Amino acid sequence: MLEGKAMIKETDMPVKMQIQAMASASQALDLYDVFDCISIATHIKKEFDKIYGGGWQCVVGSNFGCFFTHTKGTFMYFSLETLNFLIFKAATSSYS
């Protein structure tokens with residue numbers, strides 16, 4: 001496990017889910033090179049799909065922008081080491 005401490009930038013997740021997100025990120029950083037953001041994001045997404053059901057999205061990188069709609073209570077944006085992590089469950093919406 002990495003010794004670094006995650007810094008939460010924004011979240012509406014329950015604390016238990018936040019802890020899981022940071023643990024999954026730390027585990028992924030132990031398994032993959034810090035430059036392999038695709039494998040890191042895939043690892044976290046698959047963990048959340050397995051634990052909390054499908055539909056999770058994960059973005060990992062040092063510099064990115066985004067705009068999305070998420071299901072209430074499933075959003076977390078945090079940093080760990082040199083990377084930023086964005087985890088959320090996509091919202092379903094109907095358009096008229």
# chains A, B, ... in the order shown; residues from 1 in each chain; ligands from 1

call {"tool": "residues_around", "arguments": {"residues": "region 26-34 of chain A", "least_positions_apart": "2", "cutoff": "12 Å", "atoms": "only C-alpha atoms", "output": "ChimeraX atom specification"}}
result
/A:1-6,19-24,36-47,60-62,78-85

call {"tool": "write_last_selection", "arguments": {"atoms": "N, CA, C and O atoms", "output": "compact mmCIF listing (two decimals), in the first residue's frame"}}
result
# COMPACT_ATOMS: atom_id res chain seq x y z
N MET A 1 0.83 -1.19 0.00
CA MET A 1 0.00 0.00 0.00
C MET A 1 0.88 1.25 0.00
O MET A 1 1.90 1.30 0.65
N LEU A 2 0.43 2.23 -0.70
CA LEU A 2 1.15 3.51 -0.73
C LEU A 2 1.01 4.22 0.61
O LEU A 2 -0.01 4.13 1.27
N GLU A 3 2.04 4.92 0.96
CA GLU A 3 2.03 5.65 2.22
C GLU A 3 1.37 7.02 2.07
O GLU A 3 1.01 7.63 3.04
N GLY A 4 1.24 7.50 0.82
CA GLY A 4 0.66 8.81 0.58
C GLY A 4 -0.79 8.88 1.01
O GLY A 4 -1.50 7.89 1.03
N LYS A 5 -1.22 10.07 1.37
CA LYS A 5 -2.59 10.27 1.80
C LYS A 5 -3.37 10.94 0.68
O LYS A 5 -2.91 11.88 0.06
N ALA A 6 -4.54 10.42 0.43
CA ALA A 6 -5.40 10.99 -0.60
C ALA A 6 -5.97 12.32 -0.10
O ALA A 6 -6.25 12.48 1.09
N ILE A 19 -13.90 5.54 1.32
CA ILE A 19 -12.77 4.73 1.78
C ILE A 19 -12.45 3.65 0.76
O ILE A 19 -11.29 3.39 0.46
N GLN A 20 -13.49 3.03 0.18
CA GLN A 20 -13.29 2.01 -0.84
C GLN A 20 -12.63 2.61 -2.08
O GLN A 20 -11.74 2.01 -2.67
N ALA A 21 -13.04 3.81 -2.47
CA ALA A 21 -12.46 4.46 -3.64
C ALA A 21 -10.97 4.71 -3.44
O ALA A 21 -10.15 4.42 -4.33
N MET A 22 -10.61 5.24 -2.28
CA MET A 22 -9.21 5.53 -2.02
C MET A 22 -8.38 4.25 -1.89
O MET A 22 -7.25 4.19 -2.35
N ALA A 23 -8.96 3.21 -1.30
CA ALA A 23 -8.26 1.92 -1.18
C ALA A 23 -8.06 1.29 -2.55
O ALA A 23 -6.99 0.76 -2.85
N SER A 24 -9.07 1.37 -3.41
CA SER A 24 -8.95 0.82 -4.77
C SER A 24 -7.90 1.58 -5.56
O SER A 24 -7.12 0.98 -6.31
N ASP A 36 0.44 4.38 -16.35
CA ASP A 36 -0.55 3.49 -16.98
C ASP A 36 -1.95 3.82 -16.45
O ASP A 36 -2.60 3.01 -15.79
N CYS A 37 -2.41 5.03 -16.76
CA CYS A 37 -3.69 5.51 -16.23
C CYS A 37 -4.88 4.67 -16.69
O CYS A 37 -5.86 4.55 -15.96
N ILE A 38 -4.80 4.09 -17.88
CA ILE A 38 -5.91 3.27 -18.37
C ILE A 38 -6.08 2.03 -17.50
O ILE A 38 -7.20 1.70 -17.09
N SER A 39 -4.99 1.35 -17.18
CA SER A 39 -5.07 0.16 -16.32
C SER A 39 -5.52 0.53 -14.91
O SER A 39 -6.30 -0.21 -14.29
N ILE A 40 -5.06 1.66 -14.41
CA ILE A 40 -5.47 2.11 -13.07
C ILE A 40 -6.97 2.39 -13.05
O ILE A 40 -7.69 1.93 -12.15
N ALA A 41 -7.46 3.14 -14.04
CA ALA A 41 -8.89 3.45 -14.10
C ALA A 41 -9.72 2.19 -14.28
O ALA A 41 -10.78 2.04 -13.65
N THR A 42 -9.26 1.27 -15.12
CA THR A 42 -9.99 0.02 -15.35
C THR A 42 -10.08 -0.79 -14.06
O THR A 42 -11.14 -1.33 -13.73
N HIS A 43 -9.00 -0.85 -13.32
CA HIS A 43 -8.98 -1.58 -12.05
C HIS A 43 -10.03 -1.02 -11.09
O HIS A 43 -10.82 -1.78 -10.50
N ILE A 44 -10.06 0.30 -10.93
CA ILE A 44 -11.00 0.94 -10.00
C ILE A 44 -12.43 0.74 -10.47
O ILE A 44 -13.32 0.39 -9.69
N LYS A 45 -12.69 0.94 -11.76
CA LYS A 45 -14.04 0.77 -12.32
C LYS A 45 -14.55 -0.65 -12.08
O LYS A 45 -15.69 -0.85 -11.65
N LYS A 46 -13.71 -1.64 -12.35
CA LYS A 46 -14.12 -3.04 -12.17
C LYS A 46 -14.40 -3.36 -10.70
O LYS A 46 -15.33 -4.10 -10.38
N GLU A 47 -13.60 -2.81 -9.80
CA GLU A 47 -13.84 -3.00 -8.37
C GLU A 47 -15.19 -2.42 -7.96
O GLU A 47 -15.96 -3.07 -7.25
N VAL A 60 -8.70 8.84 -14.68
CA VAL A 60 -7.46 8.99 -13.92
C VAL A 60 -6.46 9.74 -14.79
O VAL A 60 -6.29 9.43 -15.96
N GLY A 61 -5.81 10.73 -14.22
CA GLY A 61 -4.78 11.47 -14.95
C GLY A 61 -4.26 12.62 -14.14
O GLY A 61 -4.75 12.92 -13.05
N SER A 62 -3.27 13.29 -14.69
CA SER A 62 -2.69 14.42 -13.98
C SER A 62 -3.30 15.75 -14.40
O SER A 62 -3.20 16.74 -13.70
N PHE A 78 -10.69 13.09 -6.19
CA PHE A 78 -9.62 13.18 -5.21
C PHE A 78 -8.27 13.01 -5.89
O PHE A 78 -8.18 12.60 -7.04
N SER A 79 -7.22 13.35 -5.16
CA SER A 79 -5.87 13.17 -5.67
C SER A 79 -5.11 12.22 -4.75
O SER A 79 -5.37 12.16 -3.54
N LEU A 80 -4.19 11.48 -5.35
CA LEU A 80 -3.32 10.58 -4.62
C LEU A 80 -2.02 10.51 -5.38
O LEU A 80 -2.03 10.30 -6.61
N GLU A 81 -0.92 10.73 -4.67
CA GLU A 81 0.37 10.83 -5.33
C GLU A 81 0.32 11.96 -6.35
O GLU A 81 -0.12 13.04 -6.02
N THR A 82 0.65 11.70 -7.61
CA THR A 82 0.67 12.75 -8.63
C THR A 82 -0.57 12.72 -9.52
O THR A 82 -0.65 13.48 -10.48
N LEU A 83 -1.53 11.85 -9.20
CA LEU A 83 -2.70 11.67 -10.07
C LEU A 83 -3.98 12.17 -9.43
O LEU A 83 -4.13 12.21 -8.21
N ASN A 84 -4.92 12.53 -10.29
CA ASN A 84 -6.28 12.88 -9.89
C ASN A 84 -7.19 11.73 -10.29
O ASN A 84 -7.00 11.11 -11.34
N PHE A 85 -8.20 11.48 -9.46
CA PHE A 85 -9.13 10.38 -9.68
C PHE A 85 -10.55 10.93 -9.64
O PHE A 85 -10.92 11.66 -8.72

call {"tool": "select_by_dssp", "arguments": {"residues": "chain A", "states": "strand (DSSP E)", "output": "VMD selection string"}}
result
chain A and resid 7 to 11 56 to 61 76 to 80 83 to 89

call {"tool": "write_last_selection", "arguments": {"atoms": "N, CA, C and O atoms", "output": "PDB file, in the first residue's frame"}}
result
ATOM      1  N   MET A   7      -6.147  13.235  -1.040  1.00  0.00           N
ATOM      2  CA  MET A   7      -6.764  14.513  -0.729  1.00  0.00           C
ATOM      3  C   MET A   7      -8.091  14.590  -1.479  1.00  0.00           C
ATOM      4  O   MET A   7      -8.112  14.631  -2.708  1.00  0.00           O
ATOM      5  N   ILE A   8      -9.169  14.590  -0.737  1.00  0.00           N
ATOM      6  CA  ILE A   8     -10.502  14.670  -1.341  1.00  0.00           C
ATOM      7  C   ILE A   8     -10.752  16.112  -1.752  1.00  0.00           C
ATOM      8  O   ILE A   8     -10.642  17.033  -0.947  1.00  0.00           O
ATOM      9  N   LYS A   9     -11.104  16.283  -3.026  1.00  0.00           N
ATOM     10  CA  LYS A   9     -11.377  17.624  -3.547  1.00  0.00           C
ATOM     11  C   LYS A   9     -12.869  17.911  -3.574  1.00  0.00           C
ATOM     12  O   LYS A   9     -13.297  19.026  -3.307  1.00  0.00           O
ATOM     13  N   GLU A  10     -13.675  16.900  -3.898  1.00  0.00           N
ATOM     14  CA  GLU A  10     -15.136  17.054  -3.958  1.00  0.00           C
ATOM     15  C   GLU A  10     -15.757  15.669  -3.895  1.00  0.00           C
ATOM     16  O   GLU A  10     -15.257  14.730  -4.515  1.00  0.00           O
ATOM     17  N   THR A  11     -16.845  15.534  -3.152  1.00  0.00           N
ATOM     18  CA  THR A  11     -17.529  14.244  -3.089  1.00  0.00           C
ATOM     19  C   THR A  11     -18.953  14.412  -2.565  1.00  0.00           C
ATOM     20  O   THR A  11     -19.241  15.359  -1.849  1.00  0.00           O
ATOM     21  N   TRP A  56     -20.404   2.165 -13.339  1.00  0.00           N
ATOM     22  CA  TRP A  56     -19.419   3.097 -12.802  1.00  0.00           C
ATOM     23  C   TRP A  56     -18.468   3.586 -13.883  1.00  0.00           C
ATOM     24  O   TRP A  56     -18.174   2.875 -14.831  1.00  0.00           O
ATOM     25  N   GLN A  57     -17.987   4.798 -13.706  1.00  0.00           N
ATOM     26  CA  GLN A  57     -17.019   5.414 -14.612  1.00  0.00           C
ATOM     27  C   GLN A  57     -15.834   5.871 -13.773  1.00  0.00           C
ATOM     28  O   GLN A  57     -16.001   6.284 -12.616  1.00  0.00           O
ATOM     29  N   CYS A  58     -14.652   5.815 -14.359  1.00  0.00           N
ATOM     30  CA  CYS A  58     -13.454   6.258 -13.644  1.00  0.00           C
ATOM     31  C   CYS A  58     -12.522   6.961 -14.624  1.00  0.00           C
ATOM     32  O   CYS A  58     -12.235   6.441 -15.700  1.00  0.00           O
ATOM     33  N   VAL A  59     -12.060   8.134 -14.240  1.00  0.00           N
ATOM     34  CA  VAL A  59     -11.104   8.903 -15.021  1.00  0.00           C
ATOM     35  C   VAL A  59      -9.885   9.118 -14.131  1.00  0.00           C
ATOM     36  O   VAL A  59     -10.020   9.512 -12.968  1.00  0.00           O
ATOM     37  N   VAL A  60      -8.701   8.840 -14.682  1.00  0.00           N
ATOM     38  CA  VAL A  60      -7.464   8.990 -13.923  1.00  0.00           C
ATOM     39  C   VAL A  60      -6.462   9.745 -14.788  1.00  0.00           C
ATOM     40  O   VAL A  60      -6.292   9.432 -15.960  1.00  0.00           O
ATOM     41  N   GLY A  61      -5.809  10.729 -14.220  1.00  0.00           N
ATOM     42  CA  GLY A  61      -4.784  11.468 -14.952  1.00  0.00           C
ATOM     43  C   GLY A  61      -4.258  12.623 -14.136  1.00  0.00           C
ATOM     44  O   GLY A  61      -4.747  12.915 -13.050  1.00  0.00           O
ATOM     45  N   MET A  76     -17.011  11.164  -6.597  1.00  0.00           N
ATOM     46  CA  MET A  76     -15.839  11.499  -5.793  1.00  0.00           C
ATOM     47  C   MET A  76     -14.703  11.933  -6.709  1.00  0.00           C
ATOM     48  O   MET A  76     -14.405  11.276  -7.704  1.00  0.00           O
ATOM     49  N   TYR A  77     -14.079  13.049  -6.350  1.00  0.00           N
ATOM     50  CA  TYR A  77     -12.908  13.568  -7.054  1.00  0.00           C
ATOM     51  C   TYR A  77     -11.829  13.771  -6.009  1.00  0.00           C
ATOM     52  O   TYR A  77     -12.025  14.500  -5.032  1.00  0.00           O
ATOM     53  N   PHE A  78     -10.691  13.089  -6.189  1.00  0.00           N
ATOM     54  CA  PHE A  78      -9.624  13.180  -5.212  1.00  0.00           C
ATOM     55  C   PHE A  78      -8.269  13.010  -5.885  1.00  0.00           C
ATOM     56  O   PHE A  78      -8.183  12.595  -7.044  1.00  0.00           O
ATOM     57  N   SER A  79      -7.220  13.354  -5.155  1.00  0.00           N
ATOM     58  CA  SER A  79      -5.866  13.170  -5.671  1.00  0.00           C
ATOM     59  C   SER A  79      -5.114  12.222  -4.748  1.00  0.00           C
ATOM     60  O   SER A  79      -5.374  12.156  -3.540  1.00  0.00           O
ATOM     61  N   LEU A  80      -4.191  11.484  -5.353  1.00  0.00           N
ATOM     62  CA  LEU A  80      -3.317  10.575  -4.621  1.00  0.00           C
ATOM     63  C   LEU A  80      -2.016  10.514  -5.384  1.00  0.00           C
ATOM     64  O   LEU A  80      -2.034  10.300  -6.606  1.00  0.00           O
ATOM     65  N   LEU A  83      -1.530  11.855  -9.200  1.00  0.00           N
ATOM     66  CA  LEU A  83      -2.695  11.665 -10.067  1.00  0.00           C
ATOM     67  C   LEU A  83      -3.982  12.171  -9.430  1.00  0.00           C
ATOM     68  O   LEU A  83      -4.126  12.205  -8.210  1.00  0.00           O
ATOM     69  N   ASN A  84      -4.919  12.535 -10.293  1.00  0.00           N
ATOM     70  CA  ASN A  84      -6.279  12.876  -9.886  1.00  0.00           C
ATOM     71  C   ASN A  84      -7.193  11.728 -10.294  1.00  0.00           C
ATOM     72  O   ASN A  84      -7.003  11.110 -11.344  1.00  0.00           O
ATOM     73  N   PHE A  85      -8.197  11.476  -9.457  1.00  0.00           N
ATOM     74  CA  PHE A  85      -9.134  10.381  -9.680  1.00  0.00           C
ATOM     75  C   PHE A  85     -10.554  10.928  -9.637  1.00  0.00           C
ATOM     76  O   PHE A  85     -10.915  11.659  -8.720  1.00  0.00           O
ATOM     77  N   LEU A  86     -11.335  10.560 -10.635  1.00  0.00           N
ATOM     78  CA  LEU A  86     -12.737  10.936 -10.697  1.00  0.00           C
ATOM     79  C   LEU A  86     -13.530   9.644 -10.845  1.00  0.00           C
ATOM     80  O   LEU A  86     -13.318   8.894 -11.793  1.00  0.00           O
ATOM     81  N   ILE A  87     -14.386   9.366  -9.888  1.00  0.00           N
ATOM     82  CA  ILE A  87     -15.191   8.153  -9.897  1.00  0.00           C
ATOM     83  C   ILE A  87     -16.650   8.572  -9.732  1.00  0.00           C
ATOM     84  O   ILE A  87     -16.984   9.378  -8.858  1.00  0.00           O
ATOM     85  N   PHE A  88     -17.516   8.008 -10.577  1.00  0.00           N
ATOM     86  CA  PHE A  88     -18.937   8.313 -10.471  1.00  0.00           C
ATOM     87  C   PHE A  88     -19.758   7.259 -11.170  1.00  0.00           C
ATOM     88  O   PHE A  88     -19.252   6.510 -12.009  1.00  0.00           O
ATOM     89  N   LYS A  89     -21.006   7.172 -10.805  1.00  0.00           N
ATOM     90  CA  LYS A  89     -21.944   6.293 -11.482  1.00  0.00           C
ATOM     91  C   LYS A  89     -22.803   7.179 -12.368  1.00  0.00           C
ATOM     92  O   LYS A  89     -23.358   8.180 -11.923  1.00  0.00           O
TER      93      LYS A  89
END

call {"tool": "atom_distance", "arguments": {"atom1": "CA of Ile51 (chain A)", "atom2": "CA of Asn63 (chain A)"}}
result
27.8 Å

call {"tool": "atom_distance", "arguments": {"atom1": "CA of Gly73 (chain A)", "atom2": "CA of Lys16 (chain A)"}}
result
11.5 Å

call {"tool": "residues_around", "arguments": {"residues": "Thr69 (chain A)", "least_positions_apart": "6", "cutoff": "10 Å", "atoms": "only C-alpha atoms", "output": "PyMOL selection string"}}
result
chain A and resi 75+88-93

call {"tool": "select_by_dssp", "arguments": {"residues": "chain A", "states": "alpha helix (DSSP H)", "output": "MDAnalysis selection string"}}
result
chainID A and resid 15:31 37:52

call {"tool": "closest_residue", "arguments": {"among": "A:Val15, A:Thr74, A:Phe67, A:Phe35", "to": "Gly53 (chain A)", "atoms": "only C-alpha atoms"}}
result
A:Thr74
